[in-house]
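Everything below belongs to work04.csv, which stores CSV, C-alpha atoms.
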```csv
chain,number,residue,atom,x,y,z
A,17,MET,CA,89.8,-65.9,179.4
A,18,LYS,CA,90.5,-63.1,176.9
A,19,THR,CA,87.3,-61.4,175.6
A,20,THR,CA,87.1,-60.9,171.8
A,21,ALA,CA,86.3,-57.3,170.8
A,22,VAL,CA,83.1,-56.9,168.8
A,23,VAL,CA,82.6,-54.2,166.2
A,24,ARG,CA,79.0,-53.6,165.0
A,25,VAL,CA,78.8,-53.0,161.2
A,26,GLY,CA,75.6,-51.6,159.6
A,27,SER,CA,74.4,-52.3,156.1
A,28,ARG,CA,71.2,-51.7,154.0
A,29,ASN,CA,69.6,-55.0,153.4
A,30,SER,CA,69.7,-55.1,149.6
A,31,PRO,CA,71.8,-57.8,147.9
A,32,MET,CA,74.3,-55.2,146.5
A,33,ALA,CA,74.6,-53.4,149.9
A,34,ARG,CA,75.3,-56.8,151.6
A,35,TRP,CA,77.9,-57.6,149.0
A,36,GLN,CA,79.6,-54.3,149.7
A,37,THR,CA,79.4,-54.8,153.5
A,38,ASP,CA,80.7,-58.4,153.3
A,39,TRP,CA,83.7,-57.1,151.2
A,40,CYS,CA,84.4,-54.5,153.8
A,41,VAL,CA,84.2,-56.9,156.7
A,42,GLU,CA,86.4,-59.4,154.9
A,43,LEU,CA,89.1,-56.6,154.6
A,44,LEU,CA,88.7,-55.6,158.2
A,45,SER,CA,88.9,-59.2,159.4
A,46,LYS,CA,92.2,-59.7,157.5
A,47,ALA,CA,93.5,-56.5,159.0
A,48,HIS,CA,92.3,-57.3,162.5
A,49,PRO,CA,92.0,-61.1,163.0
A,50,ASP,CA,91.5,-60.6,166.7
A,51,ILE,CA,88.3,-58.7,166.3
A,52,CYS,CA,84.8,-60.0,165.7
A,53,PHE,CA,82.8,-58.0,163.1
A,54,GLU,CA,79.0,-58.4,163.4
A,55,ILE,CA,76.8,-57.2,160.5
A,56,THR,CA,73.3,-55.7,161.1
A,57,THR,CA,71.1,-55.0,158.2
A,58,MET,CA,68.2,-52.6,158.0
A,59,ALA,CA,65.8,-51.3,155.3
A,60,SER,CA,66.1,-47.7,154.2
A,61,GLN,CA,63.4,-45.3,153.2
A,62,GLY,CA,65.1,-45.0,149.8
A,63,ASP,CA,64.7,-48.7,149.2
A,64,ARG,CA,61.1,-48.8,150.2
A,65,TYR,CA,59.9,-45.8,148.2
A,66,HIS,CA,60.1,-46.0,144.4
A,67,GLY,CA,59.1,-42.5,143.5
A,68,PRO,CA,61.3,-39.4,143.0
A,69,LEU,CA,64.0,-39.1,145.7
A,70,SER,CA,63.3,-35.4,146.0
A,71,ARG,CA,60.0,-36.1,147.6
A,72,ILE,CA,61.6,-38.0,150.6
A,73,GLY,CA,64.6,-35.8,151.2
A,74,GLY,CA,67.0,-36.8,148.4
A,75,LYS,CA,69.8,-39.4,148.7
A,76,GLY,CA,69.8,-39.1,152.5
A,77,ALA,CA,66.9,-41.4,152.4
A,78,PHE,CA,69.3,-44.3,151.7
A,79,VAL,CA,71.5,-43.7,154.7
A,80,LYS,CA,69.3,-41.9,157.2
A,81,ALA,CA,68.5,-45.1,159.2
A,82,LEU,CA,72.2,-46.1,159.2
A,83,ASP,CA,73.3,-42.6,160.3
A,84,ARG,CA,70.8,-42.6,163.1
A,85,ALA,CA,71.9,-46.0,164.4
A,86,LEU,CA,75.5,-44.9,164.2
A,87,LEU,CA,75.0,-41.6,166.0
A,88,ASP,CA,72.8,-43.3,168.6
A,89,GLY,CA,75.7,-45.7,169.4
A,90,GLU,CA,73.9,-48.8,168.1
A,91,LEU,CA,76.5,-49.3,165.3
A,92,ASP,CA,80.2,-48.6,165.2
A,93,VAL,CA,80.7,-48.7,161.4
A,94,THR,CA,78.3,-48.3,158.4
A,95,VAL,CA,79.1,-49.3,154.8
A,96,SER,CA,77.6,-47.5,151.8
A,97,CYS,CA,78.0,-46.9,148.1
A,98,VAL,CA,79.2,-43.3,147.6
A,99,LYS,CA,76.6,-42.7,145.0
A,100,ASP,CA,73.9,-43.2,147.7
A,101,LEU,CA,75.4,-40.6,150.0
A,102,PRO,CA,74.1,-37.0,150.1
A,103,SER,CA,76.5,-34.3,149.0
A,104,PRO,CA,78.7,-33.2,151.9
A,105,HIS,CA,76.7,-30.0,152.6
A,106,ASP,CA,73.6,-32.1,153.0
A,107,ARG,CA,75.1,-34.6,155.4
A,108,PRO,CA,74.3,-34.4,159.1
A,109,PRO,CA,77.2,-33.6,161.4
A,110,GLY,CA,78.8,-36.4,163.3
A,111,VAL,CA,79.4,-38.9,160.5
A,112,SER,CA,82.9,-39.2,159.0
A,113,ILE,CA,84.4,-41.4,156.2
A,114,GLY,CA,87.0,-43.7,157.7
A,115,ALA,CA,87.9,-45.8,154.7
A,116,ALA,CA,87.4,-45.7,150.9
A,117,LEU,CA,87.7,-49.1,149.4
A,118,GLU,CA,89.4,-49.6,146.1
A,119,ARG,CA,87.3,-48.1,143.3
A,120,GLY,CA,85.5,-50.4,141.0
A,121,ASP,CA,84.5,-49.7,137.4
A,122,ALA,CA,83.0,-46.2,137.1
A,123,ARG,CA,81.3,-46.8,133.8
A,124,ASP,CA,77.6,-47.1,133.0
A,125,ALA,CA,76.2,-50.1,131.1
A,126,LEU,CA,73.1,-50.8,129.0
A,127,VAL,CA,71.0,-53.8,130.0
A,128,LEU,CA,68.3,-55.3,127.7
A,129,PRO,CA,65.6,-57.8,128.6
A,130,ALA,CA,67.0,-61.3,128.7
A,131,SER,CA,64.9,-62.3,125.7
A,132,ARG,CA,66.3,-59.6,123.4
A,133,PRO,CA,69.4,-59.9,121.2
A,134,PRO,CA,72.3,-57.7,122.3
A,135,CYS,CA,72.6,-54.2,120.9
A,136,ALA,CA,73.9,-50.7,121.7
A,137,LEU,CA,72.1,-47.5,122.7
A,138,ALA,CA,72.4,-46.1,119.2
A,139,GLU,CA,70.8,-49.3,117.8
A,140,LEU,CA,67.6,-49.1,119.9
A,141,PRO,CA,64.5,-48.2,117.9
A,142,ARG,CA,63.0,-44.7,118.0
A,143,GLY,CA,60.9,-44.2,121.0
A,144,ALA,CA,62.5,-47.0,123.0
A,145,ARG,CA,61.9,-46.5,126.7
A,146,VAL,CA,65.1,-46.5,128.7
A,147,GLY,CA,64.9,-46.6,132.5
A,148,THR,CA,67.0,-44.7,134.9
A,149,SER,CA,66.6,-42.5,138.0
A,150,ALA,CA,69.8,-40.4,137.5
A,151,PRO,CA,69.4,-36.8,136.2
A,152,ARG,CA,72.9,-37.2,134.8
A,153,ARG,CA,71.9,-40.1,132.6
A,154,ILE,CA,68.6,-38.5,131.6
A,155,ALA,CA,70.4,-35.4,130.4
A,156,GLN,CA,73.0,-37.4,128.4
A,157,LEU,CA,70.3,-39.5,126.8
A,158,ARG,CA,68.5,-36.3,125.7
A,159,GLN,CA,71.9,-35.0,124.4
A,160,HIS,CA,73.2,-38.0,122.6
A,161,HIS,CA,70.1,-40.0,121.8
A,162,PRO,CA,67.1,-37.6,121.6
A,163,ARG,CA,65.0,-40.2,119.8
A,164,LEU,CA,64.9,-42.4,122.9
A,165,GLU,CA,62.5,-41.8,125.9
A,166,PRO,CA,64.1,-41.6,129.4
A,167,VAL,CA,61.8,-43.2,132.0
A,168,LEU,CA,62.1,-42.6,135.7
A,169,VAL,CA,62.6,-46.0,137.4
A,170,ARG,CA,63.8,-46.7,141.0
A,171,GLY,CA,64.4,-49.7,143.1
A,172,ASN,CA,67.3,-52.1,143.8
A,173,ALA,CA,69.3,-53.1,140.7
A,174,ASP,CA,68.3,-56.7,141.0
A,175,THR,CA,64.6,-55.8,141.2
A,176,ARG,CA,64.9,-53.4,138.2
A,177,ILE,CA,66.5,-56.1,136.1
A,178,ALA,CA,63.9,-58.7,137.1
A,179,ARG,CA,61.1,-56.3,136.2
A,180,LEU,CA,62.8,-55.5,132.9
A,181,ASP,CA,63.0,-59.3,132.1
A,182,ASP,CA,59.4,-60.1,133.0
A,183,GLY,CA,58.0,-57.0,131.2
A,184,SER,CA,56.3,-55.5,134.2
A,185,SER,CA,58.3,-52.3,134.0
A,186,LYS,CA,57.2,-51.8,130.4
A,187,LEU,CA,60.8,-50.7,129.5
A,188,ASP,CA,63.0,-51.6,126.5
A,189,ALA,CA,66.3,-51.1,128.4
A,190,LEU,CA,68.0,-50.0,131.6
A,191,LEU,CA,71.0,-47.9,132.2
A,192,VAL,CA,72.9,-49.1,135.3
A,193,ALA,CA,76.2,-48.9,137.0
A,194,TYR,CA,78.6,-51.5,135.6
A,195,ALA,CA,80.2,-51.8,139.1
A,196,GLY,CA,76.7,-52.8,140.4
A,197,LEU,CA,76.4,-55.5,137.8
A,198,HIS,CA,79.8,-56.8,138.9
A,199,ARG,CA,78.7,-56.9,142.6
A,200,LEU,CA,75.6,-58.8,141.6
A,201,SER,CA,77.5,-61.3,139.4
A,202,GLN,CA,75.5,-59.9,136.5
A,203,THR,CA,78.2,-58.4,134.2
A,204,HIS,CA,77.0,-60.8,131.4
A,205,ARG,CA,73.8,-58.7,131.2
A,206,ALA,CA,75.7,-55.6,129.9
A,207,THR,CA,75.1,-55.4,126.1
A,208,GLN,CA,77.2,-52.2,126.0
A,209,ILE,CA,79.6,-50.6,128.4
A,210,LEU,CA,79.5,-46.9,127.8
A,211,ASP,CA,82.8,-45.0,126.9
A,212,PRO,CA,83.5,-42.7,129.9
A,213,THR,CA,85.1,-40.1,127.7
A,214,LEU,CA,81.7,-39.7,125.9
A,215,TRP,CA,79.2,-40.9,128.4
A,216,LEU,CA,80.3,-39.2,131.7
A,217,PRO,CA,80.2,-41.3,134.9
A,218,ALA,CA,78.6,-40.5,138.2
A,219,SER,CA,80.4,-38.8,140.9
A,220,GLY,CA,81.6,-41.5,143.3
A,221,ALA,CA,80.8,-44.2,140.8
A,222,GLY,CA,82.3,-47.6,141.8
A,223,MET,CA,83.2,-46.4,145.3
A,224,VAL,CA,82.3,-47.9,148.6
A,225,VAL,CA,83.1,-46.3,152.0
A,226,ALA,CA,83.1,-47.3,155.6
A,227,GLU,CA,81.9,-44.5,158.0
A,228,TYR,CA,82.1,-44.0,161.8
A,229,ARG,CA,81.1,-41.5,164.4
A,230,THR,CA,83.2,-38.4,164.3
A,231,GLY,CA,85.4,-38.3,167.3
A,232,ASP,CA,85.5,-42.1,167.7
A,233,THR,CA,89.3,-42.4,167.3
A,234,THR,CA,89.3,-46.1,168.1
A,235,THR,CA,87.1,-47.0,165.1
A,236,ARG,CA,88.8,-44.4,162.9
A,237,ASP,CA,92.1,-46.1,163.5
A,238,LEU,CA,90.5,-49.5,162.9
A,239,LEU,CA,89.3,-48.5,159.5
A,240,ALA,CA,92.4,-46.7,158.3
A,241,PRO,CA,94.4,-49.8,157.2
A,242,ILE,CA,91.7,-50.9,154.7
A,243,SER,CA,91.4,-47.5,152.9
A,244,HIS,CA,92.8,-47.4,149.4
A,245,PRO,CA,94.9,-44.2,149.0
A,246,ALA,CA,94.2,-43.5,145.4
A,247,THR,CA,90.5,-44.0,145.8
A,248,ALA,CA,90.4,-41.8,148.9
A,249,THR,CA,92.1,-39.0,147.0
A,250,ALA,CA,89.7,-39.2,144.1
A,251,LEU,CA,86.8,-39.3,146.6
A,252,THR,CA,88.0,-36.2,148.3
A,253,ALA,CA,88.3,-34.3,145.1
A,254,GLU,CA,85.0,-35.4,143.7
A,255,ARG,CA,83.0,-34.6,146.9
A,256,ALA,CA,84.8,-31.2,147.2
A,257,THR,CA,83.4,-30.3,143.8
A,258,LEU,CA,79.9,-31.5,144.7
A,259,ALA,CA,80.0,-29.6,148.0
A,260,ALA,CA,81.1,-26.3,146.3
A,261,LEU,CA,78.4,-26.7,143.6
A,262,ARG,CA,75.9,-27.5,146.4
A,263,GLY,CA,74.6,-30.4,144.3
A,264,ASN,CA,71.8,-32.7,145.4
A,265,CYS,CA,69.9,-35.7,144.1
A,266,MET,CA,68.4,-33.7,141.3
A,267,THR,CA,71.7,-32.3,140.0
A,268,ALA,CA,72.6,-33.4,136.5
A,269,ALA,CA,76.4,-33.4,136.9
A,270,SER,CA,79.4,-35.6,136.6
A,271,VAL,CA,82.6,-35.2,138.6
A,272,HIS,CA,85.3,-37.8,138.0
A,273,ALA,CA,88.8,-37.6,139.3
A,274,THR,CA,91.8,-39.5,137.9
A,275,LEU,CA,95.3,-39.9,139.3
A,276,THR,CA,98.6,-39.9,137.4
A,277,GLY,CA,101.6,-40.2,139.7
A,278,ASP,CA,101.4,-37.4,142.3
A,279,THR,CA,98.8,-35.5,140.2
A,280,VAL,CA,95.0,-35.5,140.5
A,281,THR,CA,92.8,-34.3,137.7
A,282,VAL,CA,89.1,-33.5,138.1
A,283,HIS,CA,86.9,-33.6,135.1
A,284,ALA,CA,83.6,-31.9,135.9
A,285,VAL,CA,80.4,-31.2,133.9
A,286,VAL,CA,77.0,-29.7,134.7
A,287,PHE,CA,74.2,-30.4,132.3
A,288,ALA,CA,71.0,-28.5,131.5
A,289,PRO,CA,67.9,-30.8,132.2
A,290,ASP,CA,67.2,-31.1,128.5
A,291,GLY,CA,70.8,-32.1,127.8
A,292,HIS,CA,71.2,-29.4,125.1
A,293,THR,CA,73.7,-27.4,127.2
A,294,ALA,CA,76.7,-28.6,129.1
A,295,ILE,CA,79.4,-26.7,130.9
A,296,ARG,CA,82.7,-28.5,131.3
A,297,THR,CA,85.9,-27.9,133.1
A,298,GLN,CA,89.1,-29.6,134.2
A,299,ALA,CA,91.3,-28.9,137.2
A,300,THR,CA,94.7,-30.4,138.1
A,301,GLY,CA,96.9,-30.3,141.1
A,302,ALA,CA,98.9,-32.3,143.6
A,303,VAL,CA,97.2,-35.3,145.2
A,304,HIS,CA,97.7,-33.8,148.7
A,305,GLN,CA,95.6,-30.8,147.6
A,306,ALA,CA,92.7,-32.9,146.3
A,307,ASP,CA,90.1,-30.9,148.2
A,308,THR,CA,91.5,-27.7,146.7
A,309,VAL,CA,91.6,-29.1,143.2
A,310,GLY,CA,88.0,-30.2,143.5
A,311,ARG,CA,86.8,-26.9,144.8
A,312,ARG,CA,88.7,-25.1,142.0
A,313,ALA,CA,86.8,-27.2,139.4
A,314,ALA,CA,83.5,-26.1,141.0
A,315,GLU,CA,84.5,-22.5,141.1
A,316,GLN,CA,85.4,-22.6,137.4
A,317,LEU,CA,82.1,-24.2,136.5
A,318,LEU,CA,80.2,-21.5,138.5
A,319,HIS,CA,82.3,-18.8,136.8
A,320,ASP,CA,81.3,-20.2,133.4
A,321,GLY,CA,77.6,-20.1,134.2
A,322,ALA,CA,76.8,-23.5,135.8
A,323,ALA,CA,74.7,-21.8,138.5
A,324,ALA,CA,72.0,-21.1,135.9
A,325,LEU,CA,71.8,-24.8,134.9
A,326,LEU,CA,71.8,-25.9,138.5
A,327,HIS,CA,69.0,-23.5,139.4
A,328,ALA,CA,67.0,-24.7,136.4
A,329,LEU,CA,66.8,-28.2,137.8
A,330,PRO,CA,63.7,-29.3,139.7
A,331,HIS,CA,64.9,-29.1,143.3
A,332,ARG,CA,63.1,-30.7,146.2
A,333,PRO,CA,59.5,-29.5,146.7
```
Translate this file's structure into structure tokens.
Amino acid sequence: MKTTAVVRVGSRNSPMARWQTDWCVELLSKAHPDICFEITTMASQGDRYHGPLSRIGGKGAFVKALDRALLDGELDVTVSCVKDLPSPHDRPPGVSIGAALERGDARDALVLPASRPPCALAELPRGARVGTSAPRRIAQLRQHHPRLEPVLVRGNADTRIARLDDGSSKLDALLVAYAGLHRLSQTHRATQILDPTLWLPASGAGMVVAEYRTGDTTTRDLLAPISHPATATALTAERATLAALRGNCMTAASVHATLTGDTVTVHAVVFAPDGHTAIRTQATGAVHQADTVGRRAAEQLLHDGAAALLHALPHRP
């Protein structure tokens, strides 16, 4: 009797993480119908702790348990949202990206309590408390809507929305990733989808990746067919910029890559914490040089003074 090969896939246990992992496994199952993919879920420190990420090691808190299980050989593949990954220079050796799934919507969205009539950010009353954990969003709120009050809020998206609705968060609104609302079947909750040319998206926004142990060529080859080439190119460019900037979870920055034909363009911005200063740049090049284009964008930002803004941010204690 022929034995069916089994591949162990790891996921965080939040509803959104499970959606992402189920999607990845669906693609893998179609590409490899003769292989059985088993999903294992685990809680992350980032999910359990609702304070500032800088106090528990930054974004690595979301993937530390998955990375450890992968490196210990307990898992073959892990699936994560790119926004939850540490910057490349903060990542432990031994974990490699094997597939970037097709990018979702990179925009941010405004969510109001279910009991409130729809409105836009500009229509919220003075002093309205807007919840987010992203330094990028806080800086842009202070820049574009200084009469509003940014409030640090953490937790899974579904929990944040539930607490907004029942009033326990004492917030007037949330800023969230629109792709996340889609994955939770909650797009109807968006009362405004923010224009990405004015309200700059997160680096890696809308992206999901499957990772494997570096050197595990069998799993690498298994993942390759489900990788979306355009998304993989944009991911390479965006993470190259972050790596050169040496950004972390407290960095107020946006790096967003777009593709036109055989050309990749990186739009990159670093904000001062108060949002009053922003240094912007753009770099363009061939798609096969995405890493170089991304690093060139970072070099231009640093040349123009971005280091001073990065150093002004409250890094990990």
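Closest to Leu216 of chain A among A:Asp320, A:Glu90, A:Asp124, A:Asp188 is A:Asp124, based on only C-alpha atoms.
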### Query
Could you state the separation of atom CA of Ala256 of chain A and atom CA of Gly222 of chain A in Å, given to one decimal place?
17.4 Å
### Query
In terms of the shortest atom-to-atom distance over all atoms listed in the file, which of A:Gln305, A:Ser219, A:Gln36, A:Thr56 is closest to Val23 of chain A?
A:Thr56
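Closest approach to His283 of chain A among A:Asp237, A:Glu254, A:Glu139, A:Asp100: A:Glu254, based on all atoms listed in the file.
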### Query
What is the distance, in Å and to one decimal place, between atom CA of Asp38 of chain A and atom CA of Val79 of chain A?
17.4 Å
#### Entry: Answer as a ChimeraX atom specification, residues within 7 Å of (74.4, -44.7, 127.1) using all atoms listed in the file
/A:125-126,137,157,191,210,215
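Minimum atom-to-atom distances from A:Arg132, A:Val25, A:His244, A:Ala322 to Ser45 of chain A were compared using only C-alpha atoms, and the lowest value belongs to A:Val25.
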### Query
Nearest to Asp121 of chain A: which of A:Ala195, A:Ala288, A:Val303, A:Ala250 is it, counting all atoms listed in the file?
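Among A:Ala195, A:Ala288, A:Val303, A:Ala250, it is A:Ala195 that comes nearest to Asp121 of chain A.
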#### Entry: Distance criterion (only C-alpha atoms): nearest to Pro102 of chain A out of A:Val146, A:Leu258, A:Val225, A:Ile242
A:Leu258
### Message
Using all atoms listed in the file, which protein or nucleic acid residues come within 12 Å of Leu43 of chain A? Drop anything in the same chain fewer than 6 positions from it, and give the result as number ranges by chain.
### Response
A: 36-37, 49, 51, 53, 115-118, 226, 238-244
### Message
Give me, as an NGL selection string, all polymer residues having an atom no more than 8 Å from Gly143 of chain A, counting all atoms listed in the file and skipping those fewer than 4 positions away in the same chain.
### Response
:A and (163-165)
### Message
Please report the interatomic distance between atom CA of His304 of chain A and atom CA of His48 of chain A in Å with one decimal.
### Response
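So the two atoms, atom CA of His304 of chain A and atom CA of His48 of chain A, lie 27.8 Å apart.
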### Query
Mind listing as a list in words all residues within 10 Å of (83.2, -24.3, 136.2), counting all atoms listed in the file?
Thr257, Leu261, Ala284, Val285, Val286, Ile295, Arg296, Thr297, Gln298, Ala299, Arg311, Arg312, Ala313, Ala314, Glu315, Gln316, Leu317, Leu318, His319, Asp320, Gly321, Ala322 and Ala323 of chain A
